[in-house]
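Engineer: Input file: data_31.cif. Contents: mmCIF, N, CA and C atoms.
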data_my_file
#
loop_
_atom_site.label_atom_id
_atom_site.label_comp_id
_atom_site.auth_asym_id
_atom_site.auth_seq_id
_atom_site.Cartn_x
_atom_site.Cartn_y
_atom_site.Cartn_z
N MET Q 1 0.81 -1.19 0.00
CA MET Q 1 0.00 0.00 0.00
C MET Q 1 0.86 1.26 0.00
N ARG Q 2 2.07 1.21 0.52
CA ARG Q 2 2.92 2.38 0.57
C ARG Q 2 3.28 2.90 -0.82
N HIS Q 3 3.31 2.03 -1.81
CA HIS Q 3 3.72 2.44 -3.15
C HIS Q 3 2.58 3.01 -3.98
N SER Q 4 1.34 2.85 -3.58
CA SER Q 4 0.22 3.28 -4.40
C SER Q 4 0.06 4.80 -4.45
N ALA Q 5 0.35 5.52 -3.40
CA ALA Q 5 0.20 6.98 -3.40
C ALA Q 5 1.15 7.64 -4.39
N PRO Q 6 2.47 7.33 -4.39
CA PRO Q 6 3.35 7.94 -5.39
C PRO Q 6 2.97 7.55 -6.82
N LEU Q 7 2.55 6.32 -7.01
CA LEU Q 7 2.15 5.88 -8.34
C LEU Q 7 0.91 6.64 -8.80
N ALA Q 8 -0.07 6.81 -7.94
CA ALA Q 8 -1.28 7.55 -8.29
C ALA Q 8 -0.96 9.00 -8.65
N ALA Q 9 -0.07 9.62 -7.91
CA ALA Q 9 0.33 10.99 -8.20
C ALA Q 9 1.03 11.09 -9.55
N LEU Q 10 1.87 10.12 -9.86
CA LEU Q 10 2.56 10.10 -11.14
C LEU Q 10 1.57 9.95 -12.29
N VAL Q 11 0.59 9.10 -12.14
CA VAL Q 11 -0.42 8.91 -13.18
C VAL Q 11 -1.18 10.20 -13.42
N LEU Q 12 -1.56 10.91 -12.37
CA LEU Q 12 -2.27 12.18 -12.53
C LEU Q 12 -1.42 13.21 -13.25
N VAL Q 13 -0.14 13.28 -12.95
CA VAL Q 13 0.76 14.24 -13.60
C VAL Q 13 0.90 13.91 -15.08
N LEU Q 14 1.00 12.64 -15.42
CA LEU Q 14 1.18 12.25 -16.81
C LEU Q 14 -0.06 12.47 -17.66
N LEU Q 15 -1.24 12.44 -17.07
CA LEU Q 15 -2.48 12.55 -17.82
C LEU Q 15 -2.93 13.98 -18.06
N ALA Q 16 -2.48 14.92 -17.28
CA ALA Q 16 -3.02 16.27 -17.35
C ALA Q 16 -2.06 17.24 -18.02
N ALA Q 17 -2.59 18.05 -18.94
CA ALA Q 17 -1.84 19.15 -19.50
C ALA Q 17 -1.89 20.29 -18.49
N PRO Q 18 -1.03 21.29 -18.63
CA PRO Q 18 -1.11 22.43 -17.71
C PRO Q 18 -2.53 23.00 -17.68
N ALA Q 19 -3.11 23.11 -16.49
CA ALA Q 19 -4.52 23.49 -16.35
C ALA Q 19 -4.84 24.83 -16.99
N SER Q 20 -3.98 25.81 -16.86
CA SER Q 20 -4.26 27.13 -17.39
C SER Q 20 -4.01 27.21 -18.90
N ALA Q 21 -3.55 26.14 -19.52
CA ALA Q 21 -3.27 26.15 -20.95
C ALA Q 21 -4.51 25.89 -21.78
N GLY Q 22 -5.61 25.48 -21.18
CA GLY Q 22 -6.82 25.21 -21.94
C GLY Q 22 -7.39 26.47 -22.56
N GLY Q 23 -8.04 26.32 -23.70
CA GLY Q 23 -8.67 27.45 -24.35
C GLY Q 23 -8.41 27.49 -25.84
N THR Q 24 -8.70 28.64 -26.44
CA THR Q 24 -8.55 28.84 -27.88
C THR Q 24 -7.39 29.79 -28.15
N TYR Q 25 -6.57 29.41 -29.11
CA TYR Q 25 -5.40 30.19 -29.52
C TYR Q 25 -5.57 30.51 -31.00
N GLU Q 26 -5.24 31.72 -31.41
CA GLU Q 26 -5.38 32.10 -32.82
C GLU Q 26 -4.11 32.75 -33.32
N GLY Q 27 -3.88 32.60 -34.60
CA GLY Q 27 -2.69 33.19 -35.21
C GLY Q 27 -2.52 32.68 -36.61
N ALA Q 28 -1.28 32.34 -36.97
CA ALA Q 28 -0.99 31.99 -38.35
C ALA Q 28 -0.04 30.81 -38.48
N SER Q 29 -0.14 30.20 -39.63
CA SER Q 29 0.81 29.19 -40.07
C SER Q 29 1.59 29.81 -41.22
N SER Q 30 2.90 29.64 -41.22
CA SER Q 30 3.70 30.15 -42.33
C SER Q 30 4.50 29.01 -42.93
N VAL Q 31 4.60 29.02 -44.23
CA VAL Q 31 5.34 28.01 -44.96
C VAL Q 31 6.80 28.44 -45.02
N ALA Q 32 7.70 27.53 -44.66
CA ALA Q 32 9.13 27.82 -44.71
C ALA Q 32 9.76 27.29 -45.99
N GLY Q 33 9.13 26.30 -46.61
CA GLY Q 33 9.68 25.76 -47.85
C GLY Q 33 8.90 24.56 -48.33
N GLY Q 34 9.27 24.10 -49.50
CA GLY Q 34 8.62 22.94 -50.08
C GLY Q 34 8.84 22.88 -51.57
N ARG Q 35 8.25 21.87 -52.18
CA ARG Q 35 8.51 21.62 -53.59
C ARG Q 35 7.29 21.85 -54.49
N ASP Q 36 6.21 22.36 -53.95
CA ASP Q 36 4.97 22.50 -54.70
C ASP Q 36 4.56 23.97 -54.72
N PRO Q 37 3.94 24.46 -55.81
CA PRO Q 37 3.51 25.86 -55.85
C PRO Q 37 2.54 26.25 -54.74
N VAL Q 38 1.80 25.29 -54.19
CA VAL Q 38 0.85 25.60 -53.12
C VAL Q 38 1.55 25.84 -51.78
N CYS Q 39 2.86 25.74 -51.75
CA CYS Q 39 3.61 25.84 -50.50
C CYS Q 39 3.90 27.27 -50.05
N ALA Q 40 3.61 28.26 -50.83
CA ALA Q 40 3.93 29.63 -50.45
C ALA Q 40 2.81 30.24 -49.61
N GLY Q 41 3.17 31.07 -48.65
CA GLY Q 41 2.17 31.87 -47.99
C GLY Q 41 1.99 31.67 -46.51
N VAL Q 42 1.07 32.48 -46.01
CA VAL Q 42 0.69 32.49 -44.61
C VAL Q 42 -0.82 32.26 -44.55
N THR Q 43 -1.27 31.38 -43.67
CA THR Q 43 -2.70 31.10 -43.54
C THR Q 43 -3.12 31.26 -42.08
N GLN Q 44 -4.39 31.51 -41.86
CA GLN Q 44 -4.92 31.62 -40.50
C GLN Q 44 -5.02 30.24 -39.88
N MET Q 45 -4.69 30.15 -38.59
CA MET Q 45 -4.77 28.90 -37.84
C MET Q 45 -5.41 29.18 -36.49
N ARG Q 46 -6.00 28.14 -35.94
CA ARG Q 46 -6.56 28.20 -34.59
C ARG Q 46 -6.29 26.86 -33.92
N ALA Q 47 -6.02 26.90 -32.63
CA ALA Q 47 -5.87 25.68 -31.83
C ALA Q 47 -6.85 25.74 -30.68
N VAL Q 48 -7.47 24.61 -30.38
CA VAL Q 48 -8.34 24.48 -29.23
C VAL Q 48 -7.74 23.41 -28.34
N VAL Q 49 -7.41 23.79 -27.10
CA VAL Q 49 -6.81 22.88 -26.14
C VAL Q 49 -7.81 22.62 -25.03
N SER Q 50 -8.06 21.34 -24.77
CA SER Q 50 -8.98 20.93 -23.71
C SER Q 50 -8.38 19.70 -23.03
N GLY Q 51 -7.95 19.89 -21.78
CA GLY Q 51 -7.29 18.79 -21.08
C GLY Q 51 -6.02 18.41 -21.80
N SER Q 52 -5.89 17.15 -22.16
CA SER Q 52 -4.70 16.70 -22.87
C SER Q 52 -4.92 16.59 -24.38
N GLU Q 53 -6.01 17.15 -24.87
CA GLU Q 53 -6.29 17.09 -26.31
C GLU Q 53 -6.07 18.45 -26.95
N ILE Q 54 -5.56 18.41 -28.19
CA ILE Q 54 -5.41 19.63 -28.98
C ILE Q 54 -6.01 19.39 -30.36
N GLN Q 55 -6.73 20.39 -30.85
CA GLN Q 55 -7.25 20.39 -32.22
C GLN Q 55 -6.61 21.57 -32.93
N LEU Q 56 -6.09 21.33 -34.12
CA LEU Q 56 -5.51 22.38 -34.94
C LEU Q 56 -6.44 22.58 -36.13
N ILE Q 57 -6.97 23.79 -36.27
CA ILE Q 57 -8.02 24.07 -37.24
C ILE Q 57 -7.51 25.10 -38.25
N GLY Q 58 -7.62 24.76 -39.52
CA GLY Q 58 -7.18 25.63 -40.60
C GLY Q 58 -6.19 24.90 -41.48
N ALA Q 59 -6.14 25.29 -42.74
CA ALA Q 59 -5.22 24.66 -43.68
C ALA Q 59 -3.84 25.27 -43.52
N VAL Q 60 -2.83 24.45 -43.26
CA VAL Q 60 -1.47 24.98 -43.14
C VAL Q 60 -0.93 25.41 -44.50
N TYR Q 61 -1.45 24.80 -45.55
CA TYR Q 61 -1.20 25.25 -46.91
C TYR Q 61 -2.33 24.71 -47.78
N GLU Q 62 -2.44 25.21 -49.00
CA GLU Q 62 -3.57 24.85 -49.86
C GLU Q 62 -3.71 23.33 -49.99
N GLY Q 63 -4.91 22.83 -49.69
CA GLY Q 63 -5.19 21.41 -49.82
C GLY Q 63 -4.71 20.55 -48.67
N ALA Q 64 -4.27 21.16 -47.58
CA ALA Q 64 -3.66 20.40 -46.48
C ALA Q 64 -4.63 20.14 -45.34
N GLY Q 65 -5.90 19.93 -45.63
CA GLY Q 65 -6.85 19.52 -44.60
C GLY Q 65 -7.25 20.65 -43.67
N GLU Q 66 -8.27 20.40 -42.90
CA GLU Q 66 -8.81 21.44 -42.03
C GLU Q 66 -8.58 21.19 -40.54
N VAL Q 67 -8.68 19.95 -40.06
CA VAL Q 67 -8.57 19.69 -38.62
C VAL Q 67 -7.54 18.61 -38.34
N GLY Q 68 -6.63 18.92 -37.43
CA GLY Q 68 -5.66 17.94 -36.95
C GLY Q 68 -5.87 17.73 -35.47
N THR Q 69 -5.52 16.56 -34.97
CA THR Q 69 -5.70 16.26 -33.56
C THR Q 69 -4.43 15.67 -32.98
N GLY Q 70 -4.27 15.88 -31.67
CA GLY Q 70 -3.10 15.34 -30.99
C GLY Q 70 -3.26 15.34 -29.50
N THR Q 71 -2.18 14.99 -28.82
CA THR Q 71 -2.15 14.85 -27.37
C THR Q 71 -1.11 15.79 -26.78
N VAL Q 72 -1.51 16.54 -25.75
CA VAL Q 72 -0.61 17.44 -25.03
C VAL Q 72 -0.13 16.73 -23.77
N LYS Q 73 1.18 16.67 -23.60
CA LYS Q 73 1.77 16.05 -22.41
C LYS Q 73 1.77 17.06 -21.26
N SER Q 74 2.07 16.57 -20.06
CA SER Q 74 2.03 17.42 -18.87
C SER Q 74 3.03 18.58 -18.93
N ASP Q 75 4.10 18.45 -19.70
CA ASP Q 75 5.07 19.55 -19.83
C ASP Q 75 4.68 20.54 -20.92
N GLY Q 76 3.52 20.32 -21.58
CA GLY Q 76 3.04 21.22 -22.62
C GLY Q 76 3.45 20.82 -24.02
N SER Q 77 4.36 19.87 -24.17
CA SER Q 77 4.75 19.44 -25.51
C SER Q 77 3.63 18.62 -26.14
N PHE Q 78 3.55 18.67 -27.46
CA PHE Q 78 2.50 17.90 -28.14
C PHE Q 78 2.98 17.45 -29.51
N THR Q 79 2.32 16.42 -29.98
CA THR Q 79 2.42 15.98 -31.36
C THR Q 79 0.99 15.87 -31.87
N ALA Q 80 0.81 16.16 -33.14
CA ALA Q 80 -0.52 16.09 -33.73
C ALA Q 80 -0.39 15.69 -35.19
N VAL Q 81 -1.49 15.17 -35.74
CA VAL Q 81 -1.52 14.74 -37.13
C VAL Q 81 -2.76 15.32 -37.80
N LYS Q 82 -2.56 15.82 -39.01
CA LYS Q 82 -3.65 16.36 -39.83
C LYS Q 82 -3.64 15.58 -41.14
N PRO Q 83 -4.65 14.73 -41.36
CA PRO Q 83 -4.67 13.94 -42.60
C PRO Q 83 -5.02 14.80 -43.82
N THR Q 84 -4.40 14.48 -44.95
CA THR Q 84 -4.72 15.13 -46.22
C THR Q 84 -4.83 14.05 -47.29
N SER Q 85 -5.29 14.43 -48.46
CA SER Q 85 -5.41 13.47 -49.55
C SER Q 85 -4.04 13.02 -50.07
N LYS Q 86 -2.99 13.81 -49.82
CA LYS Q 86 -1.64 13.46 -50.28
C LYS Q 86 -0.81 12.75 -49.21
N GLY Q 87 -1.27 12.76 -47.96
CA GLY Q 87 -0.52 12.20 -46.83
C GLY Q 87 -0.69 13.08 -45.62
N ASN Q 88 -0.12 12.68 -44.51
CA ASN Q 88 -0.31 13.40 -43.25
C ASN Q 88 0.60 14.61 -43.11
N VAL Q 89 0.08 15.63 -42.44
CA VAL Q 89 0.88 16.74 -41.95
C VAL Q 89 1.10 16.45 -40.47
N THR Q 90 2.35 16.47 -40.02
CA THR Q 90 2.66 16.19 -38.62
C THR Q 90 3.15 17.47 -37.94
N PHE Q 91 2.73 17.66 -36.71
CA PHE Q 91 3.09 18.82 -35.90
C PHE Q 91 3.86 18.36 -34.68
N SER Q 92 4.84 19.14 -34.29
CA SER Q 92 5.57 18.91 -33.05
C SER Q 92 5.77 20.27 -32.41
N GLY Q 93 5.19 20.46 -31.19
CA GLY Q 93 5.26 21.79 -30.61
C GLY Q 93 5.04 21.83 -29.13
N ARG Q 94 4.66 23.03 -28.66
CA ARG Q 94 4.49 23.26 -27.23
C ARG Q 94 3.31 24.18 -26.99
N VAL Q 95 2.55 23.87 -25.94
CA VAL Q 95 1.44 24.70 -25.46
C VAL Q 95 1.88 25.34 -24.16
N THR Q 96 1.70 26.66 -24.05
CA THR Q 96 1.93 27.35 -22.77
C THR Q 96 0.63 28.06 -22.39
N ASP Q 97 0.65 28.77 -21.29
CA ASP Q 97 -0.53 29.50 -20.84
C ASP Q 97 -1.01 30.52 -21.88
N HIS Q 98 -0.08 31.03 -22.71
CA HIS Q 98 -0.42 32.13 -23.61
C HIS Q 98 -0.16 31.86 -25.09
N ALA Q 99 0.45 30.71 -25.43
CA ALA Q 99 0.82 30.50 -26.84
C ALA Q 99 0.86 29.01 -27.20
N VAL Q 100 0.68 28.76 -28.49
CA VAL Q 100 0.92 27.45 -29.08
C VAL Q 100 1.89 27.69 -30.23
N THR Q 101 3.03 27.02 -30.18
CA THR Q 101 4.01 27.11 -31.25
C THR Q 101 4.35 25.70 -31.70
N ALA Q 102 4.63 25.55 -32.98
CA ALA Q 102 4.98 24.21 -33.49
C ALA Q 102 5.65 24.32 -34.84
N GLN Q 103 6.40 23.30 -35.15
CA GLN Q 103 6.93 23.08 -36.48
C GLN Q 103 6.03 22.03 -37.13
N TRP Q 104 5.80 22.12 -38.42
CA TRP Q 104 5.01 21.12 -39.11
C TRP Q 104 5.68 20.70 -40.40
N LYS Q 105 5.37 19.47 -40.81
CA LYS Q 105 5.91 18.93 -42.06
C LYS Q 105 4.82 18.14 -42.76
N GLY Q 106 4.59 18.47 -44.01
CA GLY Q 106 3.60 17.77 -44.82
C GLY Q 106 4.26 17.07 -45.99
N PRO Q 107 3.45 16.45 -46.83
CA PRO Q 107 4.02 15.73 -47.97
C PRO Q 107 4.67 16.65 -49.01
N ASP Q 108 4.27 17.93 -49.06
CA ASP Q 108 4.81 18.85 -50.06
C ASP Q 108 5.55 20.04 -49.46
N CYS Q 109 5.23 20.40 -48.21
CA CYS Q 109 5.73 21.64 -47.61
C CYS Q 109 6.09 21.42 -46.15
N TYR Q 110 6.76 22.42 -45.58
CA TYR Q 110 7.03 22.44 -44.14
C TYR Q 110 6.98 23.89 -43.67
N GLY Q 111 6.74 24.05 -42.36
CA GLY Q 111 6.64 25.41 -41.84
C GLY Q 111 6.45 25.42 -40.34
N ALA Q 112 5.80 26.49 -39.86
CA ALA Q 112 5.62 26.69 -38.42
C ALA Q 112 4.28 27.37 -38.14
N ILE Q 113 3.78 27.16 -36.93
CA ILE Q 113 2.61 27.90 -36.48
C ILE Q 113 2.98 28.69 -35.24
N ASP Q 114 2.35 29.85 -35.11
CA ASP Q 114 2.55 30.73 -33.95
C ASP Q 114 1.17 31.30 -33.59
N LEU Q 115 0.63 30.80 -32.48
CA LEU Q 115 -0.74 31.16 -32.07
C LEU Q 115 -0.71 31.76 -30.68
N GLN Q 116 -1.60 32.72 -30.43
CA GLN Q 116 -1.68 33.39 -29.12
C GLN Q 116 -3.07 33.23 -28.53
N LYS Q 117 -3.14 33.24 -27.21
CA LYS Q 117 -4.42 33.12 -26.51
C LYS Q 117 -5.06 34.47 -26.40
#
Spell out the structure here as structure tokens.
Structural biologist:
Amino acid sequence: MRHSAPLAALVLVLLAAPASAGGTYEGASSVAGGRDPVCAGVTQMRAVVSGSEIQLIGAVYEGAGEVGTGTVKSDGSFTAVKPTSKGNVTFSGRVTDHAVTAQWKGPDCYGAIDLQK
């Protein structure tokens, strides 16, 4: 029984994203490079964080899907996937109390998102 309390505390820490990080973040996705003409530009993006879930809403580039989903770890780091007809766009980033930032890579382009609460 002595070991159950520390284990329970560890499980709670691993399951929860930072409590104050929940909410809606808005900003932009910018393309850093790629091999397709649709890879140029800046597009509007939004992230919705609820508990350990994140939704990324908006096309990171033309034809790159509308909604991606992922999991936020207790330290605020996250990975997410946005399916497209050409293949997945993958995100790797961080959620804080005031911002969501990430690098993304798709089948044709790559770039970054910078969103504010």
Engineer: Using all atoms listed in the file, determine which residues lie at most 5 Å from Arg35 in chain Q, disregarding the query and same-chain residues fewer than 2 positions distant; provide the list as a PyMOL selection string.
Structural biologist: chain Q and resi 33+37+108
Engineer: Starting from the displayed file, determine the output of the PyMOL selection byres ((chain Q and resi 61) around 7) and express the residue list as a PyMOL selection string.
Structural biologist: chain Q and resi 38-40+43+58-60+62-65
Engineer: Output the selection as an mmCIF file, in the coordinates of the input - N, CA and C atoms for each residue.
Structural biologist:
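Result file follows (part_29.cif):
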data_model
loop_
_atom_site.group_PDB
_atom_site.id
_atom_site.type_symbol
_atom_site.label_atom_id
_atom_site.label_comp_id
_atom_site.auth_asym_id
_atom_site.auth_seq_id
_atom_site.Cartn_x
_atom_site.Cartn_y
_atom_site.Cartn_z
ATOM 1 N N VAL Q 38 1.800 25.290 -54.190
ATOM 2 C CA VAL Q 38 0.850 25.600 -53.120
ATOM 3 C C VAL Q 38 1.550 25.840 -51.780
ATOM 4 N N CYS Q 39 2.860 25.740 -51.750
ATOM 5 C CA CYS Q 39 3.610 25.840 -50.500
ATOM 6 C C CYS Q 39 3.900 27.270 -50.050
ATOM 7 N N ALA Q 40 3.610 28.260 -50.830
ATOM 8 C CA ALA Q 40 3.930 29.630 -50.450
ATOM 9 C C ALA Q 40 2.810 30.240 -49.610
ATOM 10 N N THR Q 43 -1.270 31.380 -43.670
ATOM 11 C CA THR Q 43 -2.700 31.100 -43.540
ATOM 12 C C THR Q 43 -3.120 31.260 -42.080
ATOM 13 N N GLY Q 58 -7.620 24.760 -39.520
ATOM 14 C CA GLY Q 58 -7.180 25.630 -40.600
ATOM 15 C C GLY Q 58 -6.190 24.900 -41.480
ATOM 16 N N ALA Q 59 -6.140 25.290 -42.740
ATOM 17 C CA ALA Q 59 -5.220 24.660 -43.680
ATOM 18 C C ALA Q 59 -3.840 25.270 -43.520
ATOM 19 N N VAL Q 60 -2.830 24.450 -43.260
ATOM 20 C CA VAL Q 60 -1.470 24.980 -43.140
ATOM 21 C C VAL Q 60 -0.930 25.410 -44.500
ATOM 22 N N GLU Q 62 -2.440 25.210 -49.000
ATOM 23 C CA GLU Q 62 -3.570 24.850 -49.860
ATOM 24 C C GLU Q 62 -3.710 23.330 -49.990
ATOM 25 N N GLY Q 63 -4.910 22.830 -49.690
ATOM 26 C CA GLY Q 63 -5.190 21.410 -49.820
ATOM 27 C C GLY Q 63 -4.710 20.550 -48.670
ATOM 28 N N ALA Q 64 -4.270 21.160 -47.580
ATOM 29 C CA ALA Q 64 -3.660 20.400 -46.480
ATOM 30 C C ALA Q 64 -4.630 20.140 -45.340
ATOM 31 N N GLY Q 65 -5.900 19.930 -45.630
ATOM 32 C CA GLY Q 65 -6.850 19.520 -44.600
ATOM 33 C C GLY Q 65 -7.250 20.650 -43.670
#
Engineer: Which is closer to Gly111 in chain Q than all the others in Q:Thr71, Q:Ser30, Q:Ala21, Q:Ile57, using all atoms listed in the file?
Structural biologist: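 Of Q:Thr71, Q:Ser30, Q:Ala21, Q:Ile57, the one nearest Gly111 in chain Q, counting all atoms listed in the file, is Q:Ser30.
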Engineer: What do you get, as a PyMOL selection string, if you spell out every residue that the PyMOL selection byres ((chain Q and resi 92-107) around 5) selects here?
Structural biologist: chain Q and resi 20-21+76-79+88-91+108-117
Engineer: Expanded to explicit residues, what is the PyMOL selection byres ((chain Q and resi 50) around 8) for this file, as a ChimeraX atom specification?
Structural biologist: /Q:17,21-24,47-49,51-55
Engineer: Would you mind writing down, as a ChimeraX atom specification, each residue of chain Q that DSSP on the backbone assigns to alpha helix (DSSP H)?
Structural biologist: /Q:4-15
Engineer: Deliver the residues from the most recent selection as a file, using N, CA and C atoms, as an mmCIF file, keeping the file's coordinate frame.
Structural biologist:
data_model
loop_
_atom_site.group_PDB
_atom_site.id
_atom_site.type_symbol
_atom_site.label_atom_id
_atom_site.label_comp_id
_atom_site.auth_asym_id
_atom_site.auth_seq_id
_atom_site.Cartn_x
_atom_site.Cartn_y
_atom_site.Cartn_z
ATOM 1 N N SER Q 4 1.340 2.850 -3.580
ATOM 2 C CA SER Q 4 0.220 3.280 -4.400
ATOM 3 C C SER Q 4 0.060 4.800 -4.450
ATOM 4 N N ALA Q 5 0.350 5.520 -3.400
ATOM 5 C CA ALA Q 5 0.200 6.980 -3.400
ATOM 6 C C ALA Q 5 1.150 7.640 -4.390
ATOM 7 N N PRO Q 6 2.470 7.330 -4.390
ATOM 8 C CA PRO Q 6 3.350 7.940 -5.390
ATOM 9 C C PRO Q 6 2.970 7.550 -6.820
ATOM 10 N N LEU Q 7 2.550 6.320 -7.010
ATOM 11 C CA LEU Q 7 2.150 5.880 -8.340
ATOM 12 C C LEU Q 7 0.910 6.640 -8.800
ATOM 13 N N ALA Q 8 -0.070 6.810 -7.940
ATOM 14 C CA ALA Q 8 -1.280 7.550 -8.290
ATOM 15 C C ALA Q 8 -0.960 9.000 -8.650
ATOM 16 N N ALA Q 9 -0.070 9.620 -7.910
ATOM 17 C CA ALA Q 9 0.330 10.990 -8.200
ATOM 18 C C ALA Q 9 1.030 11.090 -9.550
ATOM 19 N N LEU Q 10 1.870 10.120 -9.860
ATOM 20 C CA LEU Q 10 2.560 10.100 -11.140
ATOM 21 C C LEU Q 10 1.570 9.950 -12.290
ATOM 22 N N VAL Q 11 0.590 9.100 -12.140
ATOM 23 C CA VAL Q 11 -0.420 8.910 -13.180
ATOM 24 C C VAL Q 11 -1.180 10.200 -13.420
ATOM 25 N N LEU Q 12 -1.560 10.910 -12.370
ATOM 26 C CA LEU Q 12 -2.270 12.180 -12.530
ATOM 27 C C LEU Q 12 -1.420 13.210 -13.250
ATOM 28 N N VAL Q 13 -0.140 13.280 -12.950
ATOM 29 C CA VAL Q 13 0.760 14.240 -13.600
ATOM 30 C C VAL Q 13 0.900 13.910 -15.080
ATOM 31 N N LEU Q 14 1.000 12.640 -15.420
ATOM 32 C CA LEU Q 14 1.180 12.250 -16.810
ATOM 33 C C LEU Q 14 -0.060 12.470 -17.660
ATOM 34 N N LEU Q 15 -1.240 12.440 -17.070
ATOM 35 C CA LEU Q 15 -2.480 12.550 -17.820
ATOM 36 C C LEU Q 15 -2.930 13.980 -18.060
#
Engineer: Could you jot down the CA of Gly34 in chain Q to CA of Lys82 in chain Q separation for me, Å, one decimal place?
Structural biologist: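 Straight-line distance from CA of Gly34 in chain Q to CA of Lys82 in chain Q works out to 17.3 Å.
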Engineer: Can you tell me how far atom C of Gly70 in chain Q sits from atom C of Gly87 in chain Q, in Å to one decimal?
Structural biologist: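 Result for atom C of Gly70 in chain Q versus atom C of Gly87 in chain Q: 16.5 Å, one decimal.
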Engineer: What does the distance between CA of Met45 in chain Q and CA of Ser85 in chain Q come to in Å, to one decimal place?
Structural biologist: 19.4 Å
